[in-house]
Every structure is written in structure tokens, then in C-alpha cells.
Amino acid sequence: MVASARTEPRGSMAMELTIGDPALTARLERGMDASEERLRALAAEAQDPRVAEVAGHLFGRGGKRLRPLLALVGAEFGRRAPFGTDPSAAGPVIADPPAAGPSPAVEAAALAELVHVASLYHDDVMDQARTRRGVPSVNARWGNATAVLAGNWLLSKAAQLAAELGPETIRLQSKVTNRLIMGQIRELVGPSDDDDPLSHYFTVVAGKTAALFAMALQLGAVRTGAPEHVVQTLAEYGDHLGIGFQIADDILDITSTSEVSGKEQGKDLAIGVASLPVLLALADERPEAGELRTLLTAATAGPEGAGLPRAVALLHRCGALAEARTVMHARLLRARAAANRLPDGPATRALHALCDFVARRDH
């Protein structure tokens, strides 16, 4: 029987992993539910109810919950089950937690999502986003200052949780937070005159997106005692999957409606974010690219500008979207190559299924 782990209720874009293992599917589903409960409990720990409301605004508001899922899959590669349970008897890592608290895998999943949601709050301020996951963004509802402070609170909560989980978890969380912030700064500042725009793009994506994917997988694996070479291979896989995921997101910004993506269509294009399709189009020599350069330079593709629909049409016509898809699939092939170096089994098949999911996202 083919089993599918669906997170459809958690996001506007349904995710289905066909992994062929009902037991793993059940563990992932239980782990996702438990991580949702853990996130709500962590937000509720804020002493001020207003802080709790803002900090927990996106918890349970949809979203793909991909980072928690990555942490749970990474935990499947561990050598020990939580609380001393025999892995051969009870499944590798996601047993129903006893009264002592959540399982190591669930804690890893919650930590990964805390850092991710904090980055969303900060990103939405930088991008002046009005919606996120189909609801008003924190900055749109409470203002930029509150959104930044709420993101900072979530990062501090993530650091507190990491400290409770041990030195290796602290190291991973602090390293990734640094990469994340540096990625945000590089995106805000933009490339220098001497920088290659495409190299700058991949540097930003490696910090803002890929680092979180790699961290989630590593957290799950470390918390369940996976061998070091497995942890490093999962990090390599996560880097490539994360870059492929961001490219798919870039494409969706141009091709998808807000009802599907949960964000305004063309938001990145409207505010001048140098996404991969835009960079590829601007480097093109065809007439459509020349017109697109004129539109973007004249800033007529902004939210109120009549140039946005025309810019979207030109991106479809000039071949940039097709080229971006080629780059995305190349990254996914590199992710699959890393996965192929891991032990064969349901967890590795889940990694391949995640590549299939990302490959389908841009349509």
C-alpha cells in the first residue's frame, strides 16, 4: 500500500509525500500535530498576552510547515529513539510523548519553525508585505516595529529552547541564525558594482532559505543520535533542496495567484526583489528583455503601476521562467545525489518525495 503524508490543512498549497511506508506516514503526521501544539504552547509562555497573540499569529495559520517536516524526517536517521525506547520495537523517533515532555524530534521540529517564522516577520517588514499565509501579515496588522520585535522574541525563544536541548543544538541554531541575518542584510544592501548579480542571488538564498532547510534536517538527526557523516549529508541535501525551493517560490511569485500562494501575486517583482527569473530575463538579449529592463528601471512595475501586468507577461515570453525551471531541477538533482548516499529506507524515500514536491510547486 502506498502511504501519503499530507499537510494540506496546514497550508494553501497541499503537500503530499508518497513514501510507501504507512508506519512512517503515521509518525510524521503525529509529529506534525505535536509540533503544532508545542509551538502554540511556546507562544503562550509570553508573560504579556498581547505578545503571545502577535508571536503566535502565524502558528496554525496554514503554511506548508516544511521545516518541521524536514526535522521529523531528519530524526528518522537517528540511532536511538526518544526516552530509551527500542527503535526496532516502536519506530525510530516519534513515539507519543510521555508526561516528561515532547520527543526530541518534536522539539527539533518546533525549534526549526520558530526560527523560520521569525524570519518571515522580518522579511515581511523588509518587503512591505500585506499578507502572509492568506491572512494579514504582522506588520500590516500591528505595524513594523511590533513585527520586528515579535520576530526578535521568537528568535530569543528559539535560543532558549536550543539551550535546553544541549550544546550541539545551540551551535546549529546560532550558526543558522547568523547565516539567516547575513542573508537578509545582503538582500537589503544588494550586490556591489563588482558583484555578479547571479552569484549574489545564490549567496542570499543560501543564507535565507537553504540554511533553514539544512538546519531542520540536522536538528532532527542530531537530537536522535545520527552519525556525523549522515548529519553532514543531510545538510548538503537541505542546502540544495532549499535553493530549489526558493527558485520555485520565485517562479510562483510570477505565475501563481494569491489564492494559491497566500501572498500577493507579483509582490517580489513589484518591490524590486531580484528573483532568479528577473535576473535571467535582464541578462537576456531578446527584445522582450529590453522592454522589461525599461519597465523595471522606470519603476512602473510597482504595486500601483500599470507596468506590473506587462512585466509579468514579458517574463513569460522571454524564456526566463523556463531557464529558471532548468536551474531549479539541476539543484534538485544535486539534492537527490546527496540523498542517494544515505541508507536506503523509508526516510530516504521521503527525501526523494520532497524533491518531487518542490518540482511540482512551480505549476
# chains A, B, ... in the order shown; residues from 1 in each chain; ligands from 1

$ closest_atom_pairs --of "segment 36-75 of chain A" --to "segment 237-250 of chain A" --cutoff "12 Å" --atoms "only C-alpha atoms" --output "JSON lines"
{"residue": "A:Lys64", "atom": "CA", "partner": "A:Phe245", "partner_atom": "CA", "distance": 11.9}
{"residue": "A:Leu66", "atom": "CA", "partner": "A:Gly242", "partner_atom": "CA", "distance": 10.4}
{"residue": "A:Arg67", "atom": "CA", "partner": "A:Gly242", "partner_atom": "CA", "distance": 10.1}
{"residue": "A:Leu70", "atom": "CA", "partner": "A:Gly238", "partner_atom": "CA", "distance": 8.6}
{"residue": "A:Ala71", "atom": "CA", "partner": "A:Gly238", "partner_atom": "CA", "distance": 10.6}
{"residue": "A:Val73", "atom": "CA", "partner": "A:Gly238", "partner_atom": "CA", "distance": 11.5}
{"residue": "A:Gly74", "atom": "CA", "partner": "A:Gly238", "partner_atom": "CA", "distance": 10.1}

$ closest_residue --among "A:Ala211, A:Ala359, A:Val327, A:Leu114" --to "Ala235 of chain A" --atoms "only C-alpha atoms"
A:Ala211

$ residues_around --residues "Ala41 of chain A" --least-positions-apart "2" --cutoff "12 Å" --atoms "only C-alpha atoms" --output "list in words"
Ala34, Ser35, Glu36, Glu37, Arg38, Leu39, Ala43, Ala44, Glu45, Ala46, Ala52, Glu53, Ala55, Gly56, Phe59, Gly60, Gly101, Pro102, Glu107, Ala110, Leu114 and Lys157 of chain A

$ write_last_selection --atoms "N, CA, C and O atoms" --output "JSON list (two decimals), in the first residue's frame"
[["chain", "number", "residue", "atom", "x", "y", "z"],
["A", 34, "ALA", "N", 1.99, 17.22, 16.92],
["A", 34, "ALA", "CA", 2.64, 17.51, 18.20],
["A", 34, "ALA", "C", 3.47, 18.79, 18.12],
["A", 34, "ALA", "O", 3.52, 19.56, 19.10],
["A", 35, "SER", "N", 4.12, 19.02, 16.99],
["A", 35, "SER", "CA", 4.93, 20.25, 16.86],
["A", 35, "SER", "C", 4.04, 21.48, 16.82],
["A", 35, "SER", "O", 4.40, 22.54, 17.34],
["A", 36, "GLU", "N", 2.85, 21.37, 16.21],
["A", 36, "GLU", "CA", 1.89, 22.48, 16.23],
["A", 36, "GLU", "C", 1.49, 22.82, 17.66],
["A", 36, "GLU", "O", 1.46, 23.99, 18.06],
["A", 37, "GLU", "N", 1.20, 21.79, 18.45],
["A", 37, "GLU", "CA", 0.82, 22.02, 19.85],
["A", 37, "GLU", "C", 1.98, 22.63, 20.63],
["A", 37, "GLU", "O", 1.79, 23.52, 21.47],
["A", 38, "ARG", "N", 3.19, 22.16, 20.35],
["A", 38, "ARG", "CA", 4.36, 22.69, 21.04],
["A", 38, "ARG", "C", 4.57, 24.17, 20.71],
["A", 38, "ARG", "O", 4.89, 24.97, 21.59],
["A", 39, "LEU", "N", 4.39, 24.55, 19.44],
["A", 39, "LEU", "CA", 4.56, 25.94, 19.04],
["A", 39, "LEU", "C", 3.54, 26.84, 19.74],
["A", 39, "LEU", "O", 3.87, 27.93, 20.22],
["A", 43, "ALA", "N", 4.43, 29.93, 22.34],
["A", 43, "ALA", "CA", 3.94, 31.30, 22.19],
["A", 43, "ALA", "C", 3.16, 31.74, 23.43],
["A", 43, "ALA", "O", 3.25, 32.90, 23.85],
["A", 44, "ALA", "N", 2.43, 30.82, 24.01],
["A", 44, "ALA", "CA", 1.62, 31.15, 25.18],
["A", 44, "ALA", "C", 2.47, 31.43, 26.42],
["A", 44, "ALA", "O", 1.95, 31.96, 27.41],
["A", 45, "GLU", "N", 3.76, 31.09, 26.36],
["A", 45, "GLU", "CA", 4.63, 31.34, 27.51],
["A", 45, "GLU", "C", 4.97, 32.81, 27.68],
["A", 45, "GLU", "O", 5.55, 33.19, 28.70],
["A", 46, "ALA", "N", 4.66, 33.63, 26.67],
["A", 46, "ALA", "CA", 4.90, 35.07, 26.82],
["A", 46, "ALA", "C", 4.08, 35.61, 27.99],
["A", 46, "ALA", "O", 2.89, 35.31, 28.13],
["A", 52, "ALA", "N", 1.96, 37.24, 23.24],
["A", 52, "ALA", "CA", 1.59, 35.88, 22.86],
["A", 52, "ALA", "C", 0.74, 35.88, 21.59],
["A", 52, "ALA", "O", 0.93, 35.04, 20.70],
["A", 53, "GLU", "N", -0.18, 36.84, 21.47],
["A", 53, "GLU", "CA", -1.05, 36.91, 20.29],
["A", 53, "GLU", "C", -0.24, 37.20, 19.04],
["A", 53, "GLU", "O", -0.42, 36.55, 18.00],
["A", 55, "ALA", "N", 3.11, 36.95, 18.61],
["A", 55, "ALA", "CA", 4.12, 35.93, 18.35],
["A", 55, "ALA", "C", 3.51, 34.68, 17.74],
["A", 55, "ALA", "O", 4.12, 34.02, 16.88],
["A", 56, "GLY", "N", 2.30, 34.33, 18.15],
["A", 56, "GLY", "CA", 1.65, 33.12, 17.63],
["A", 56, "GLY", "C", 0.75, 33.36, 16.44],
["A", 56, "GLY", "O", -0.01, 32.46, 16.06],
["A", 59, "PHE", "N", 1.15, 30.76, 13.72],
["A", 59, "PHE", "CA", 1.05, 29.36, 14.11],
["A", 59, "PHE", "C", -0.39, 28.89, 13.90],
["A", 59, "PHE", "O", -1.35, 29.49, 14.36],
["A", 60, "GLY", "N", -0.54, 27.79, 13.19],
["A", 60, "GLY", "CA", -1.87, 27.28, 12.90],
["A", 60, "GLY", "C", -2.59, 28.05, 11.82],
["A", 60, "GLY", "O", -3.80, 27.86, 11.61],
["A", 101, "GLY", "N", 7.50, 15.21, 28.63],
["A", 101, "GLY", "CA", 7.59, 16.29, 27.66],
["A", 101, "GLY", "C", 7.65, 15.76, 26.24],
["A", 101, "GLY", "O", 7.60, 14.56, 26.00],
["A", 102, "PRO", "N", 7.77, 16.68, 25.26],
["A", 102, "PRO", "CA", 7.78, 16.29, 23.86],
["A", 102, "PRO", "C", 9.00, 15.45, 23.52],
["A", 102, "PRO", "O", 10.03, 15.51, 24.19],
["A", 107, "GLU", "N", 10.71, 18.47, 19.49],
["A", 107, "GLU", "CA", 11.43, 19.66, 19.92],
["A", 107, "GLU", "C", 12.25, 20.25, 18.76],
["A", 107, "GLU", "O", 12.30, 21.47, 18.58],
["A", 110, "ALA", "N", 9.81, 22.00, 16.37],
["A", 110, "ALA", "CA", 9.34, 23.29, 16.88],
["A", 110, "ALA", "C", 10.42, 24.34, 16.80],
["A", 110, "ALA", "O", 10.16, 25.50, 16.44],
["A", 114, "LEU", "N", 10.22, 27.93, 14.79],
["A", 114, "LEU", "CA", 10.39, 29.20, 15.49],
["A", 114, "LEU", "C", 11.32, 30.13, 14.72],
["A", 114, "LEU", "O", 11.02, 31.31, 14.51],
["A", 157, "LYS", "N", 13.21, 33.04, 21.87],
["A", 157, "LYS", "CA", 12.58, 31.81, 22.34],
["A", 157, "LYS", "C", 13.26, 30.59, 21.73],
["A", 157, "LYS", "O", 13.45, 29.56, 22.41]]

$ residues_around --residues "Trp153 of chain A" --least-positions-apart "2" --cutoff "12 Å" --atoms "only C-alpha atoms" --output "ChimeraX atom specification"
/A:42-43,45-48,51-52,54-56,114-115,117-119,121-122,146-151,155-160

$ closest_residue --among "A:Thr203, A:Thr224, A:Asn152, A:Gln184" --to "Glu168 of chain A" --atoms "only C-alpha atoms"
A:Thr224

$ select_by_dssp --residues "segment 31-213 of chain A" --states "helix (DSSP H, G or I)" --output "count of residues only"
129

$ residues_around --residues "Ala320 of chain A" --least-positions-apart "2" --cutoff "9 Å" --atoms "only C-alpha atoms" --output "JSON, numbers by chain"
{"A": [276, 277, 278, 279, 280, 281, 282, 284, 315, 316, 317, 318, 322, 323, 324, 325]}

$ write_last_selection --atoms "N, CA and C atoms" --output "short mmCIF file (atom, residue, chain, number, x, y, z; two decimals), in the first residue's frame"
data_model
loop_
_atom_site.label_atom_id
_atom_site.label_comp_id
_atom_site.auth_asym_id
_atom_site.auth_seq_id
_atom_site.Cartn_x
_atom_site.Cartn_y
_atom_site.Cartn_z
N LEU A 276 15.34 35.06 -9.30
CA LEU A 276 16.11 34.41 -10.37
C LEU A 276 15.50 34.65 -11.74
N PRO A 277 14.18 34.49 -11.94
CA PRO A 277 13.65 34.77 -13.29
C PRO A 277 13.92 36.19 -13.76
N VAL A 278 13.84 37.16 -12.87
CA VAL A 278 14.11 38.55 -13.24
C VAL A 278 15.57 38.72 -13.64
N LEU A 279 16.48 38.16 -12.84
CA LEU A 279 17.90 38.27 -13.17
C LEU A 279 18.22 37.62 -14.51
N LEU A 280 17.63 36.46 -14.76
CA LEU A 280 17.86 35.78 -16.03
C LEU A 280 17.28 36.58 -17.19
N ALA A 281 16.11 37.19 -16.98
CA ALA A 281 15.49 37.99 -18.03
C ALA A 281 16.31 39.23 -18.35
N LEU A 282 16.84 39.87 -17.31
CA LEU A 282 17.61 41.09 -17.53
C LEU A 282 18.92 40.82 -18.25
N ASP A 284 19.13 38.62 -20.63
CA ASP A 284 18.75 38.13 -21.96
C ASP A 284 18.97 39.21 -23.01
N LEU A 315 8.02 38.35 -18.76
CA LEU A 315 8.78 37.27 -18.14
C LEU A 315 8.33 35.91 -18.66
N HIS A 316 7.06 35.79 -18.98
CA HIS A 316 6.58 34.55 -19.60
C HIS A 316 7.13 34.39 -21.01
N ARG A 317 7.24 35.49 -21.74
CA ARG A 317 7.59 35.41 -23.15
C ARG A 317 9.08 35.29 -23.42
N CYS A 318 9.92 35.82 -22.53
CA CYS A 318 11.34 35.91 -22.87
C CYS A 318 12.14 34.66 -22.53
N ALA A 322 11.37 29.47 -18.04
CA ALA A 322 11.83 28.14 -18.44
C ALA A 322 13.28 27.92 -18.00
N GLU A 323 14.11 28.95 -18.13
CA GLU A 323 15.50 28.83 -17.72
C GLU A 323 15.60 28.66 -16.21
N ALA A 324 14.77 29.39 -15.46
CA ALA A 324 14.78 29.25 -14.00
C ALA A 324 14.37 27.84 -13.60
N ARG A 325 13.40 27.26 -14.31
CA ARG A 325 13.00 25.89 -14.00
C ARG A 325 14.15 24.92 -14.24
#

$ closest_residue --among "A:Val205, A:Ala311, A:Leu172, A:Leu351" --to "Thr233 of chain A" --atoms "only C-alpha atoms"
A:Leu351

$ select_by_dssp --residues "segment 125-354 of chain A" --states "strand (DSSP E or B)" --output "PDB file with C-alpha atoms, in the first residue's frame"
ATOM      1  CA  THR A 131      -0.488  39.222   3.635  1.00  0.00           C
ATOM      2  CA  ARG A 132       1.179  36.016   4.720  1.00  0.00           C
ATOM      3  CA  VAL A 135      -4.036  36.365   6.423  1.00  0.00           C
ATOM      4  CA  PRO A 136      -2.841  39.926   7.157  1.00  0.00           C
TER       5      PRO A 136
END

$ closest_residue --among "A:Ile251, A:Leu198, A:Ala145, A:Glu113" --to "Thr326 of chain A" --atoms "only C-alpha atoms"
A:Ile251

$ atom_distance --atom1 "atom CA of Asp33 of chain A" --atom2 "atom CA of Glu236 of chain A"
27.2 Å
